[in-house]
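**Q** Data: target.csv, CSV, C-alpha atoms.
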chain,number,residue,atom,x,y,z
A,10,MET,CA,19.7,34.7,-3.7
A,11,ARG,CA,22.0,35.5,-0.8
A,12,GLU,CA,22.8,32.6,1.5
A,13,ASP,CA,21.2,34.3,4.5
A,14,ASP,CA,18.0,34.9,2.6
A,15,HIS,CA,17.9,31.3,1.4
A,16,ASN,CA,18.5,30.0,4.9
A,17,ALA,CA,15.7,32.2,6.3
A,18,GLU,CA,13.4,30.9,3.7
A,19,LYS,CA,14.3,27.3,4.4
A,20,LEU,CA,13.6,27.8,8.1
A,21,ALA,CA,10.3,29.5,7.4
A,22,PHE,CA,9.3,26.7,5.1
A,23,GLU,CA,10.2,24.0,7.7
A,24,ARG,CA,8.2,25.8,10.4
A,25,LEU,CA,5.2,25.8,8.2
A,26,VAL,CA,5.3,22.2,7.0
A,27,ARG,CA,7.0,20.0,9.7
A,28,PRO,CA,4.0,20.0,12.1
A,29,HIS,CA,2.1,18.2,9.4
A,30,PHE,CA,4.6,15.6,8.4
A,31,ASP,CA,3.3,12.6,10.2
A,32,ARG,CA,-0.3,13.1,8.9
A,33,LEU,CA,1.0,13.8,5.3
A,34,TYR,CA,3.2,10.7,5.4
A,35,ARG,CA,0.3,8.6,6.4
A,36,LEU,CA,-1.8,10.1,3.7
A,37,ALA,CA,0.9,9.4,1.1
A,38,TRP,CA,1.0,5.8,2.2
A,39,ARG,CA,-2.8,5.5,2.0
A,40,LEU,CA,-2.9,7.0,-1.5
A,41,ALA,CA,0.1,5.2,-3.0
A,42,GLY,CA,-0.2,1.9,-1.0
A,43,HIS,CA,3.5,1.3,-1.5
A,44,LYS,CA,6.4,2.7,0.6
A,45,ALA,CA,8.7,3.8,-2.2
A,46,GLU,CA,5.8,5.5,-4.1
A,47,ALA,CA,4.5,7.1,-0.9
A,48,GLU,CA,7.9,8.6,-0.2
A,49,ASP,CA,8.2,9.9,-3.7
A,50,LEU,CA,4.8,11.5,-3.4
A,51,PHE,CA,5.8,13.1,-0.1
A,52,GLN,CA,9.0,14.4,-1.7
A,53,GLU,CA,7.1,15.8,-4.7
A,54,LEU,CA,4.8,17.6,-2.3
A,55,LEU,CA,7.6,19.3,-0.5
A,56,ILE,CA,9.2,20.4,-3.7
A,57,LYS,CA,5.9,21.8,-5.0
A,58,ALA,CA,5.1,23.4,-1.7
A,59,TYR,CA,8.5,25.1,-1.4
A,60,ALA,CA,8.0,26.6,-4.9
A,61,LYS,CA,4.8,28.1,-3.6
A,62,LEU,CA,6.1,29.2,-0.2
A,63,ASP,CA,4.7,32.7,-0.6
A,64,GLU,CA,1.2,31.4,-1.1
A,65,LEU,CA,1.6,28.7,1.6
A,66,ALA,CA,2.6,31.3,4.2
A,67,LYS,CA,-0.7,33.2,3.7
A,68,ILE,CA,-3.0,30.2,4.1
A,69,ASP,CA,-4.9,29.7,7.4
A,70,GLU,CA,-4.9,25.9,7.3
A,71,PRO,CA,-1.6,24.8,5.6
A,72,GLY,CA,-2.3,21.2,6.6
A,73,SER,CA,-5.4,21.0,4.5
A,74,TRP,CA,-3.7,22.8,1.6
A,75,LEU,CA,-0.8,20.4,1.7
A,76,SER,CA,-3.1,17.4,1.8
A,77,ARG,CA,-5.0,18.6,-1.2
A,78,VAL,CA,-1.9,19.3,-3.2
A,79,MET,CA,-0.6,15.8,-2.4
A,80,TYR,CA,-3.9,14.3,-3.5
A,81,ASN,CA,-3.8,16.2,-6.8
A,82,LEU,CA,-0.2,15.2,-7.4
A,83,PHE,CA,-1.2,11.5,-6.8
A,84,ILE,CA,-4.2,11.8,-9.3
A,85,ASP,CA,-2.1,13.6,-11.9
A,86,GLU,CA,0.6,10.8,-11.6
A,87,ARG,CA,-2.1,8.1,-12.0
A,88,ARG,CA,-3.6,9.8,-15.0
A,89,ARG,CA,-0.3,10.3,-16.7
A,90,PHE,CA,0.5,6.6,-16.8
A,91,ALA,CA,-2.8,5.0,-16.1
A,92,ARG,CA,-1.2,1.9,-14.8
A,93,ARG,CA,-2.4,-0.8,-12.5
A,94,ARG,CA,-1.3,-0.7,-8.9
A,95,MET,CA,1.6,-3.2,-8.3
A,96,HIS,CA,0.6,-6.5,-6.9
A,97,THR,CA,0.8,-6.8,-3.1
A,98,VAL,CA,3.2,-9.8,-3.4
A,99,GLU,CA,5.7,-7.6,-5.3
A,100,GLU,CA,5.3,-4.8,-2.7
A,101,GLY,CA,5.9,-7.2,0.2
A,102,GLN,CA,9.0,-8.5,-1.5
A,103,LEU,CA,10.8,-5.2,-1.6
A,104,PRO,CA,13.2,-5.0,1.4
A,105,GLY,CA,11.7,-2.6,4.0
A,106,ASP,CA,8.4,-2.2,2.2
A,107,GLY,CA,4.9,-3.2,2.9
A,108,LEU,CA,3.8,-4.4,6.3
A,109,ALA,CA,7.1,-5.8,7.6
A,110,GLY,CA,8.6,-4.2,10.7
A,111,LEU,CA,5.3,-2.8,12.0
A,112,PRO,CA,4.6,-3.2,15.7
A,113,GLY,CA,2.5,-6.1,16.8
A,114,THR,CA,1.1,-7.4,20.1
A,115,GLU,CA,3.2,-9.3,22.6
A,116,ASP,CA,1.4,-12.6,22.0
A,117,PRO,CA,3.0,-14.5,19.1
A,118,VAL,CA,-0.1,-16.5,18.3
A,119,LEU,CA,-2.3,-13.4,18.2
A,120,ASP,CA,0.4,-11.7,16.2
A,121,ASN,CA,0.3,-14.3,13.5
A,122,GLN,CA,-3.5,-14.3,13.4
A,123,ARG,CA,-3.6,-10.6,13.3
A,124,TRP,CA,-1.0,-10.3,10.6
A,125,GLU,CA,-2.7,-13.0,8.5
A,126,LYS,CA,-5.9,-10.9,8.5
A,127,ILE,CA,-4.0,-7.7,7.8
A,128,ARG,CA,-2.3,-9.3,4.8
A,129,ALA,CA,-5.6,-10.6,3.6
A,130,LEU,CA,-7.0,-7.0,3.9
A,131,ASP,CA,-4.0,-5.7,2.1
A,132,ALA,CA,-4.6,-8.1,-0.8
A,133,ALA,CA,-8.3,-7.3,-0.8
A,134,LEU,CA,-7.6,-3.6,-0.9
A,135,SER,CA,-5.4,-4.1,-3.9
A,136,GLN,CA,-8.4,-5.5,-5.8
A,137,LEU,CA,-10.4,-2.3,-5.3
A,138,SER,CA,-10.2,0.6,-7.7
A,139,ASP,CA,-8.2,3.6,-6.5
A,140,GLU,CA,-11.4,5.7,-6.0
A,141,HIS,CA,-12.9,3.1,-3.7
A,142,ARG,CA,-9.7,2.1,-1.9
A,143,ILE,CA,-8.8,5.7,-1.1
A,144,VAL,CA,-12.3,6.6,0.2
A,145,VAL,CA,-12.5,3.6,2.5
A,146,LEU,CA,-9.0,4.0,3.9
A,147,LEU,CA,-9.4,7.7,4.5
A,148,HIS,CA,-12.8,7.2,6.3
A,149,ASP,CA,-12.6,3.9,8.0
A,150,THR,CA,-8.8,3.7,8.7
A,151,GLU,CA,-7.7,7.3,9.0
A,152,GLY,CA,-10.9,8.7,10.5
A,153,TYR,CA,-11.5,11.5,8.0
A,154,LYS,CA,-15.1,12.7,8.1
A,155,LEU,CA,-17.2,12.7,4.8
A,156,GLU,CA,-16.9,16.5,4.6
A,157,GLU,CA,-13.1,16.3,5.0
A,158,ILE,CA,-12.8,13.8,2.2
A,159,HIS,CA,-14.9,16.0,0.0
A,160,LYS,CA,-12.6,19.0,0.8
A,161,LEU,CA,-9.5,16.9,0.1
A,162,THR,CA,-10.6,15.3,-3.1
A,163,GLY,CA,-13.4,17.5,-4.5
A,164,ILE,CA,-15.7,14.4,-4.7
A,165,PRO,CA,-19.3,15.3,-3.7
A,166,VAL,CA,-20.3,14.0,-0.3
A,167,GLY,CA,-23.0,11.8,-1.8
A,168,THR,CA,-20.5,10.2,-4.1
A,169,VAL,CA,-18.1,9.7,-1.2
A,170,LYS,CA,-20.9,7.9,0.7
A,171,SER,CA,-21.8,5.6,-2.1
A,172,ARG,CA,-18.2,4.7,-2.9
A,173,LEU,CA,-17.6,4.0,0.8
A,174,HIS,CA,-20.6,1.7,0.9
A,175,ARG,CA,-19.5,-0.2,-2.3
A,176,ALA,CA,-15.9,-0.5,-1.1
A,177,ARG,CA,-17.0,-2.0,2.3
A,178,VAL,CA,-19.4,-4.5,0.5
A,179,ARG,CA,-16.7,-5.5,-1.9
A,180,LEU,CA,-14.1,-5.9,0.9
A,181,ARG,CA,-16.6,-8.0,2.8
A,182,ASP,CA,-17.2,-10.3,-0.2
A,183,ILE,CA,-13.5,-10.7,-1.0
A,184,LEU,CA,-12.5,-11.4,2.6
A,185,THR,CA,-15.4,-13.9,3.0
A,186,ARG,CA,-14.4,-15.8,-0.1
A,187,SER,CA,-10.8,-15.9,1.0
A,188,GLY,CA,-11.8,-17.5,4.3
A,189,THR,CA,-10.5,-14.6,6.4
A,190,PHE,CA,-13.5,-14.5,8.6
A,191,SER,CA,-14.0,-17.3,11.2
B,20,MET,CA,-29.5,-15.4,10.2
B,21,GLN,CA,-28.0,-14.3,6.9
B,22,THR,CA,-28.5,-10.6,7.9
B,23,ASP,CA,-26.8,-11.4,11.3
B,24,ASN,CA,-23.8,-12.9,9.6
B,25,THR,CA,-23.6,-10.0,7.1
B,26,ASP,CA,-23.7,-7.5,9.9
B,27,LYS,CA,-21.1,-9.4,11.8
B,28,ARG,CA,-18.8,-9.5,8.8
B,29,ASP,CA,-19.4,-5.8,8.2
B,30,GLN,CA,-18.2,-5.2,11.7
B,31,GLU,CA,-15.2,-7.4,11.2
B,32,VAL,CA,-14.3,-5.5,8.0
B,33,LEU,CA,-14.5,-2.2,9.9
B,34,ALA,CA,-12.4,-3.5,12.7
B,35,LEU,CA,-9.8,-4.7,10.3
B,36,LEU,CA,-9.7,-1.4,8.5
B,37,LYS,CA,-9.3,0.4,11.8
B,38,ASP,CA,-6.4,-1.9,12.7
B,39,TYR,CA,-4.7,-1.5,9.2
B,40,PRO,CA,-1.3,-0.2,10.0
B,41,ALA,CA,0.9,2.4,8.3
B,42,PRO,CA,4.6,2.7,8.7
B,43,ARG,CA,6.2,5.7,10.3
B,44,ALA,CA,8.9,7.6,8.4
B,45,THR,CA,12.4,6.8,9.4
B,46,ALA,CA,14.2,9.4,11.5
B,47,THR,CA,16.3,10.8,8.7
B,48,PHE,CA,13.7,10.6,6.0
B,49,TYR,CA,12.0,13.9,6.9
B,50,ASP,CA,15.3,15.7,7.1
B,51,ARG,CA,16.4,14.4,3.8
B,52,ALA,CA,13.1,15.2,2.1
B,53,LEU,CA,13.3,18.8,3.4
B,54,ALA,CA,16.9,19.2,2.4
B,55,ARG,CA,16.1,18.0,-1.2
B,56,ALA,CA,13.0,20.2,-1.5
B,57,THR,CA,14.8,23.4,-0.4
B,58,GLN,CA,18.0,22.7,-2.3
B,59,GLU,CA,18.6,25.7,-4.5
B,60,GLY,CA,18.7,25.0,-8.2
B,61,THR,CA,17.1,21.5,-7.9
B,62,ARG,CA,15.7,20.5,-11.2
B,63,ARG,CA,13.4,17.7,-11.9
B,64,GLN,CA,13.6,16.0,-15.2
B,65,ARG,CA,11.0,13.7,-16.5
B,66,ASN,CA,12.2,12.1,-19.6
B,67,ARG,CA,10.3,9.9,-21.9
B,68,TRP,CA,12.7,7.4,-23.2
B,69,LEU,CA,12.7,6.1,-26.7
B,70,MET,CA,15.1,3.2,-26.8
B,71,THR,CA,16.3,2.5,-30.3
B,72,GLY,CA,18.2,-0.6,-30.8
B,73,PHE,CA,21.7,-1.7,-29.9
B,74,GLY,CA,23.7,1.5,-30.1
B,75,SER,CA,27.4,1.9,-29.9
B,76,ALA,CA,27.1,4.2,-26.9
B,77,VAL,CA,27.2,1.4,-24.4
B,78,ALA,CA,29.0,3.0,-21.5
B,79,ALA,CA,31.5,1.1,-19.4
B,80,GLY,CA,29.5,-0.7,-16.7
B,81,VAL,CA,27.4,-3.7,-16.1
B,82,LEU,CA,25.3,-5.0,-18.9
B,83,LEU,CA,22.2,-6.9,-17.9
B,84,TRP,CA,19.6,-8.6,-19.9
B,85,LEU,CA,15.8,-8.7,-19.6
B,86,VAL,CA,14.6,-11.2,-22.0
B,87,GLY,CA,10.9,-11.4,-23.0
B,88,GLY,CA,9.3,-14.5,-21.6
B,89,PHE,CA,12.2,-15.4,-19.3
B,90,PHE,CA,12.7,-14.6,-15.7
B,91,LEU,CA,16.3,-14.1,-14.8
B,92,THR,CA,15.8,-14.5,-11.1
B,93,SER,CA,14.3,-17.1,-8.9
B,94,PRO,CA,11.2,-16.3,-6.8
B,95,VAL,CA,11.9,-13.7,-4.2
B,96,MET,CA,12.8,-14.7,-0.7
B,97,PRO,CA,12.6,-12.4,2.3
B,98,ASP,CA,16.4,-12.1,2.4
B,99,VAL,CA,18.4,-11.0,-0.6
B,100,ASP,CA,18.8,-14.0,-2.9
B,101,PRO,CA,22.5,-14.6,-3.7
B,102,GLY,CA,21.3,-15.9,-7.1
B,103,ILE,CA,20.2,-12.4,-8.2
B,104,PRO,CA,22.9,-10.6,-10.2
B,105,GLY,CA,24.7,-8.1,-8.2
B,106,ILE,CA,27.2,-5.3,-8.3
B,107,THR,CA,29.2,-3.4,-5.8
B,108,MET,CA,29.1,0.4,-5.8
B,109,THR,CA,31.3,2.9,-4.1
B,110,LEU,CA,29.5,5.5,-2.0
B,111,GLU,CA,28.8,8.7,-3.9
B,112,GLU,CA,30.5,7.4,-7.1
B,113,PRO,CA,28.1,7.2,-10.1
B,114,ARG,CA,28.0,3.8,-11.9
B,115,THR,CA,26.2,3.1,-15.1
B,116,VAL,CA,24.1,-0.1,-15.3
B,117,ASN,CA,22.9,-0.9,-18.8
B,118,LEU,CA,19.6,-2.7,-19.1
B,119,MET,CA,19.1,-4.6,-22.3
B,120,PHE,CA,15.6,-5.4,-23.3
B,121,ALA,CA,15.4,-8.0,-26.1
B,122,SER,CA,11.9,-8.0,-27.7
B,123,ALA,CA,10.7,-10.4,-30.3
B,124,THR,CA,8.4,-7.7,-31.8
B,125,ALA,CA,8.1,-3.9,-31.7
B,126,LEU,CA,6.1,-2.7,-28.7
B,127,ASP,CA,4.4,0.6,-28.5
B,128,SER,CA,3.3,2.2,-25.2
B,129,ALA,CA,5.2,-0.1,-22.8
B,130,ILE,CA,5.7,1.2,-19.3
B,131,LEU,CA,9.0,0.8,-17.6
B,132,THR,CA,9.2,1.2,-13.9
B,133,VAL,CA,12.5,1.3,-12.0
B,134,THR,CA,12.2,1.0,-8.3
B,135,LEU,CA,15.2,1.8,-6.2
B,136,PRO,CA,16.1,0.8,-2.6
B,137,ASP,CA,16.6,3.6,-0.1
B,138,GLY,CA,20.0,5.1,-0.5
B,139,ILE,CA,20.3,4.5,-4.2
B,140,GLU,CA,19.4,7.2,-6.6
B,141,LEU,CA,19.1,7.6,-10.4
B,142,ALA,CA,21.1,10.6,-11.8
B,143,GLY,CA,18.7,13.4,-12.7
B,144,PHE,CA,16.0,12.1,-10.3
B,145,PRO,CA,17.2,13.1,-6.8
B,146,GLY,CA,15.2,11.7,-3.9
B,147,GLN,CA,13.0,9.7,-6.2
B,148,ARG,CA,12.6,6.0,-5.6
B,149,VAL,CA,10.2,5.0,-8.3
B,150,ILE,CA,10.7,6.3,-11.8
B,151,THR,CA,8.3,5.4,-14.6
B,152,TRP,CA,8.7,5.9,-18.3
B,153,GLN,CA,6.4,5.4,-21.2
B,154,THR,CA,8.4,3.9,-23.9
B,155,SER,CA,8.5,2.0,-27.2
B,156,LEU,CA,10.7,-0.9,-27.9
B,157,ASN,CA,12.0,-1.9,-31.3
B,158,GLU,CA,12.2,-5.5,-32.4
B,159,GLY,CA,15.5,-6.8,-31.2
B,160,ASN,CA,17.8,-5.3,-28.6
B,161,ASN,CA,16.9,-2.1,-26.8
B,162,LEU,CA,19.4,-0.5,-24.4
B,163,LEU,CA,18.6,1.6,-21.4
B,164,PRO,CA,21.6,3.0,-19.5
B,165,LEU,CA,20.9,3.9,-15.9
B,166,GLU,CA,23.4,6.0,-14.0
B,167,LEU,CA,23.1,5.1,-10.4
B,168,ILE,CA,24.5,6.7,-7.3
B,169,ALA,CA,24.8,5.3,-3.8
B,170,VAL,CA,24.1,8.0,-1.3
B,171,SER,CA,24.1,5.8,1.7
B,172,PRO,CA,26.0,2.6,2.5
B,173,VAL,CA,22.9,0.4,2.9
B,174,GLY,CA,22.4,-1.0,-0.6
B,175,GLY,CA,19.5,-3.3,-1.6
B,176,GLU,CA,17.7,-4.4,-4.7
B,177,VAL,CA,16.8,-2.5,-7.8
B,178,LEU,CA,13.7,-3.6,-9.7
B,179,ALA,CA,13.2,-2.9,-13.4
B,180,ARG,CA,9.7,-3.8,-14.5
B,181,LEU,CA,8.4,-3.7,-18.1
B,182,GLU,CA,4.7,-3.7,-18.6
B,183,HIS,CA,2.8,-4.0,-21.9
B,184,ASN,CA,-0.9,-4.6,-22.0
B,185,ASP,CA,-1.6,-7.3,-19.4
B,186,ARG,CA,2.0,-8.7,-19.4
B,187,ASP,CA,4.9,-7.7,-17.4
B,188,ARG,CA,8.5,-8.8,-16.7
B,189,THR,CA,10.6,-7.9,-13.7
B,190,PHE,CA,14.4,-7.9,-13.4
B,191,ARG,CA,16.2,-7.6,-10.1
B,192,LEU,CA,19.7,-6.3,-9.5
B,193,ARG,CA,21.4,-6.6,-6.1
B,194,ILE,CA,23.5,-3.6,-5.1
B,195,ASP,CA,26.1,-3.7,-2.3
B,196,VAL,CA,27.8,-0.5,-1.3
B,197,SER,CA,31.4,-0.3,-0.1
I'd like the structure from this file rewritten - as structure tokens, please.

**A**
Amino acid sequence: MREDDHNAEKLAFERLVRPHFDRLYRLAWRLAGHKAEAEDLFQELLIKAYAKLDELAKIDEPGSWLSRVMYNLFIDERRRFARRRMHTVEEGQLPGDGLAGLPGTEDPVLDNQRWEKIRALDAALSQLSDEHRIVVLLHDTEGYKLEEIHKLTGIPVGTVKSRLHRARVRLRDILTRSGTFS
Amino acid sequence: MQTDNTDKRDQEVLALLKDYPAPRATATFYDRALARATQEGTRRQRNRWLMTGFGSAVAAGVLLWLVGGFFLTSPVMPDVDPGIPGITMTLEEPRTVNLMFASATALDSAILTVTLPDGIELAGFPGQRVITWQTSLNEGNNLLPLELIAVSPVGGEVLARLEHNDRDRTFRLRIDVS
């Protein structure tokens, strides 16, 4: 391919995908739960999307398409190796990973209390199955509607609702037992 | 009363979930990811490794051991632990690190995961920070050479984690880049 054509193609691709980067990055993080894996997932998505640039250029809602492809990549990867999610302690120990470096409030006491609760939530989420963890994060943390989760994952709305309910109950029980609630 | 407490805790769970943060990508990450995706001729290789004993093809480089049942590093501290084995790499110059896994018995369907810090890449896997293989180990010594490349001067820690059934072992290697 001539260099001019390749450059034009790269520019067209960037114009299509860059507006969705922040949302896709957050989705990758919510799916993978680990920064390095999330960035790998994001990278895999871009590689796959670039290979399908012709198709992507014709789609009305490229953001939704990209999200679905990312979700499917994540599921394929999980199925391929069927391995457990890494422990939160291991994730937190990787330099630059996990929750370190995220903005807090200006009150150091409140900061500590807040971060203790967030770490407890992080540990509790790691005890959920992927199917429950993803649904509760997409709905309750990211604000996806039930129908949006259905379109993203292919899971029927009724199943999304019941997984959401079970995930919330399980989180409540884990966090209560861990003494997180006052 | 119990229902009131349950409702209150449900509200607290929802509040926590709403507050659950996610990191933002670094300034250069998006640019790098785009560049890698649109690089002409990029090939992705996913290899399934079968490590077969102590071969004579040990490349010049660092030889490290991961011994079943024995952690080679102390518990991880927030800062890099000087007790963790380390090497110094030169920017953009490939360096082979040989991981040696000594296993008391043959192991089928073990999972090996190598996690790389930002700025360190594994040859053949550009832009990928977590590489996972399904593999088998023979009884005795099993060699895995990793050709690493430092693409930025930051350095960090490489993790090599071997999982089999419910057991796992992790080895850490510190990398400085000059």

**Q** Please provide as a PyMOL selection string all residues within 8 Å of Phe190 in chain A, with the sequence filter that same-chain residues fewer than 2 positions apart are discarded (counting all atoms listed in the file).

**A** (chain A and resi 184-185+188) or (chain B and resi 28+31)

**Q** So that I have them on file, write out the residues from the current selection with C-alpha atoms, as a PDB file, in the frame of the given file.

**A**
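Saved to selection-v2.pdb:
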ATOM      1  CA  LEU A 184     -12.500 -11.400   2.600  1.00  0.00           C
ATOM      2  CA  THR A 185     -15.400 -13.900   3.000  1.00  0.00           C
ATOM      3  CA  GLY A 188     -11.800 -17.500   4.300  1.00  0.00           C
TER       4      GLY A 188
ATOM      5  CA  ARG B  28     -18.800  -9.500   8.800  1.00  0.00           C
ATOM      6  CA  GLU B  31     -15.200  -7.400  11.200  1.00  0.00           C
TER       7      GLU B  31
END

**Q** Could you tell me which residues of chain A sit within 6 Å of chain B when counting all atoms listed in the file, and give me the result as number ranges by chain?

**A** A: 45, 49, 52, 55-56, 150

**Q** Figure out the distance between CA of Val169 in chain A and CA of Ile127 in chain A, please, to one decimal in Å.

**A** 24.1 Å

**Q** Mind giving me the straight-line distance from CA of Asp149 in chain A to CA of Asn24 in chain B in Å, one decimal?

**A**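 The value is 20.3 Å.
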
**Q** Between B:Arg191, B:Ala46, B:Pro113, B:Asp23, which one has atoms that come closest to Ile139 in chain B, using all atoms listed in the file?

**A**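 The shortest atom-to-atom distance to Ile139 in chain B comes from B:Pro113.
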
**Q** In terms of the shortest atom-to-atom distance over all atoms listed in the file, which of A:Ala176, A:Leu134, A:Leu147, A:Leu25 is closest to Asp69 in chain A?

**A**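 Under the stated criterion, the closest residue is A:Leu25.
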
**Q** Counting all atoms listed in the file, which residues have an atom no more than 12 Å from (4.8, 24.1, 0.0) in the file's coordinates? Please list them as a VMD selection string.

**A** (chain A and resid 18 to 19 21 to 27 29 to 30 51 to 68 71 to 79) or (chain B and resid 53 56 to 57)

**Q** Could you tell me how far CA of Thr107 in chain B sits from CA of Leu162 in chain B, in Å to one decimal place?

**A** 21.2 Å
